[in-house]
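Below you'll find the structure, written out as structure tokens, and then a few comments.
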Amino acid sequence: MSSTRPARRSYQAAGLSAARACCSPPGCSLHAEPSSSIRDVQFCTVSIMKRKDVSLATKMALIHAMAVPITIDGCGRKKVLIVYAHQEPKSLNGSLKTAAVKELTKQGCSVTVSDLYGMQFEPRATRKDITGDLHNPEQFNYGVESWEAYKNGRLSEDLIEEQRKVEEADLVIFQFPLYWFSMPAIMKGWLDRVFVQGFAHNFPQCYESGLLKNKLALLSFTTGGDQGMYSDDGVSGNIRYLLWPMQHGIMHFCGLSILAPHICFAPEYAPEEERAQMLTSWVERLKTIWEEEPIDCTPEWYYK
Ligand SMILES: Cc1cc2nc3c(=O)[nH]c(=O)nc-3n(C[C@H](O)[C@H](O)[C@H](O)COP(=O)(O)OP(=O)(O)OC[C@H]3O[C@@H](n4cnc5c(N)ncnc54)[C@H](O)[C@@H]3O)c2cc1C
């Protein structure tokens with residue numbers, strides 16, 4: 001895969017910047033390179049073809065240049081990053097992750113897993129994330145320093161590597177057990193350190209114009225509490241209440257479009273056949289995952 005990357009990027013950069021110059025504005029959504037989607041390319045193809053002041057030869061050259069990054073890497077095969085946080089491969093989370101890798105690979109997708117416990121991923125956002133001199137050595141400010149380090153290519157190697165995986169992904173799946181109505185600290189730490197300003201957001205580039213737009217995010221998680229506990233009348237309240245900070249406050253803030261969450265309630269208390277069914281349902285859903293429309297990530301979805 002690494003051998004195709006430079007060629008793919010340079011073709012794509014050339015094609016997309018030429019296309020952007022030709023067809024934007026109005027309404028062209030080709031902003032995020034090098035990860036624009038097939039839908040973006042289709043949109044810009046239509047925009048280019050409508051232009052009366054561009055010759056047919058130029059139109060064809062632009063469309064060819066845009067098509068190259070899609071065809072060069074396996075006929076538009078989708079890229080999926082699974083950010084996985086469980087200590088035990090034999091856990092239900094481990095099985096859900098393995099089932100996703102198997103099904104998506106079978107579909108021809110390129111699948112990368114960041115196994116956070118396996119990698120011993122450092123969850124703490126500290127001075128060590130910045131290599132070389134600080135922007136302000138007198139008073140350390142993580143947000144400012146990580147932003148400056150990102151712009152100057154001075155983030156630590158582990159962060160650069162994770163950002164590369166995100167940059168390449170069409171879909172990012174977060175697979176985890178619910179911890180205290182949220183994600184495990186190691187996954188939150190991944191987000192604190194990887195989704196830095198300049199890479200994932202850059203005010204006012206947030207929400208619809210967040211820097212990770214054109215990508216999808218999906219939270220797939222397990223709970224200890226059963227579905228009744230997480231209903232409107234349940235003791236824990238509707239499960240959607242706890243999705244607002246994760247889906248809206250983090251993912252949507254950074255521009256990601258959110259697919260409906262996949263929740264396996266209380267696997268520890270479910271009989272064997274029910275747990276097996278949880279695996280089957282996940283695989284069935286993944287079979288048509290690319291046809292799904294993102295949710296409408298507004299307060300109504302969560303609280304009404
Ligand atoms: C710090 C902490 C905070 C927590 N906070 C919350 C909270 O706020 N709210 C809440 O609801 N819960 C909470 N929990 C509970 C937690 O969410 C659950 O324990 C967890 O989601 C269960 O998922 P698991 O993958 O760890 O289950 P596991 O115990 O690993 O799996 C359940 C069972 O499935 C079996 N299994 C694995 N693979 C398969 C397969 N392929 N087919 C059939 N069976 C299989 C396993 O062997 C096991 O017996 C918390 C837990 C901790 C430790």
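Every chain in the structure tokens takes a letter, A first, then B, and so on in the order presented; its residues are numbered from 1, and the ligands are numbered from 1 following the presented order.
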What's the 10 Å shell around Gln197 of chain A, counting only C-alpha atoms, without same-chain residues fewer than 6 positions away, as an NGL selection string? :A and (143-151 or 203 or 205 or 211 or 254)
From segment 39-263 of chain A, collect each residue whose DSSP state is strand (DSSP E) and return the set as a PyMOL selection string. chain A and resi 79-84+110-115+171-177+216-222+257-258+262-263
Counting only C-alpha atoms, what is within 7 Å of Val172 of chain A, bar same-chain residues fewer than 2 positions away, as an NGL selection string? :A and (80-82 or 169-170 or 174 or 216-218)
Can you tell me which residues sit at most 6 Å away from ligand 1, counting only C-alpha atoms and all ligand atoms, written as a ChimeraX atom specification? /A:90-93,95,177-181,222-225,267-268,272,275-276
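Omitting Leu242 of chain A and its sequence neighbours fewer than 5 positions away, and counting only C-alpha atoms, the residues within 10 Å are Trp180, Phe181, Ser182, Tyr230, Ser236, Gly237, Gln247 and Tyr302 of chain A.
A straight line drawn from atom CA of Leu116 of chain A to atom CA of Trp190 of chain A is 8.2 Å long.
Residues in contact range of Pro261 of chain A, defined as at most 8 Å between only C-alpha atoms, with sequence neighbours fewer than 3 positions away removed, read Leu218, Leu219, Ser220 and Phe221 of chain A.
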Store the residues picked out above, limited to N, CA and C atoms, as a PDB file, in the first residue's frame.
ATOM      1  N   LEU A 218     -18.622   6.126  13.086  1.00  0.00           N
ATOM      2  CA  LEU A 218     -19.644   5.232  13.641  1.00  0.00           C
ATOM      3  C   LEU A 218     -19.169   4.746  15.011  1.00  0.00           C
ATOM      4  N   LEU A 219     -19.977   4.954  16.028  1.00  0.00           N
ATOM      5  CA  LEU A 219     -19.666   4.421  17.357  1.00  0.00           C
ATOM      6  C   LEU A 219     -20.309   3.052  17.490  1.00  0.00           C
ATOM      7  N   SER A 220     -19.488   2.037  17.730  1.00  0.00           N
ATOM      8  CA  SER A 220     -19.997   0.688  17.967  1.00  0.00           C
ATOM      9  C   SER A 220     -19.557   0.302  19.377  1.00  0.00           C
ATOM     10  N   PHE A 221     -20.537   0.127  20.270  1.00  0.00           N
ATOM     11  CA  PHE A 221     -20.130  -0.137  21.655  1.00  0.00           C
ATOM     12  C   PHE A 221     -21.067  -1.090  22.379  1.00  0.00           C
TER      13      PHE A 221
END
Quick one: everything within 12 Å of Trp290 of chain A, counting only C-alpha atoms, minus sequence neighbours fewer than 4 positions away in the same chain. Send it as a PyMOL selection string. chain A and resi 38-39+77-80+104+107+109+170-171+215-218+259+285-286+294
Output for the residues just chosen: C-alpha atoms as a tab-separated table (two decimals), in the first residue's frame:
chain	number	residue	atom	x	y	z
A	38	ILE	CA	-16.30	9.56	-4.83
A	39	ARG	CA	-19.44	11.63	-4.20
A	77	ARG	CA	-12.12	0.61	-2.65
A	78	LYS	CA	-13.13	2.20	0.61
A	79	LYS	CA	-10.77	2.67	3.51
A	80	VAL	CA	-11.85	1.96	7.05
A	104	LEU	CA	-15.14	-5.25	5.37
A	107	GLN	CA	-16.08	-6.46	0.58
A	109	CYS	CA	-12.24	-2.47	1.69
A	170	ASP	CA	-13.48	7.08	4.47
A	171	LEU	CA	-15.07	5.63	7.60
A	215	LYS	CA	-15.58	11.18	6.26
A	216	LEU	CA	-17.96	9.02	8.23
A	217	ALA	CA	-17.81	8.06	11.91
A	218	LEU	CA	-19.64	5.23	13.64
A	259	LEU	CA	-23.77	7.02	11.04
A	285	ARG	CA	-25.39	-4.14	9.00
A	286	LEU	CA	-21.85	-3.81	7.64
A	294	PRO	CA	-25.75	9.84	8.17
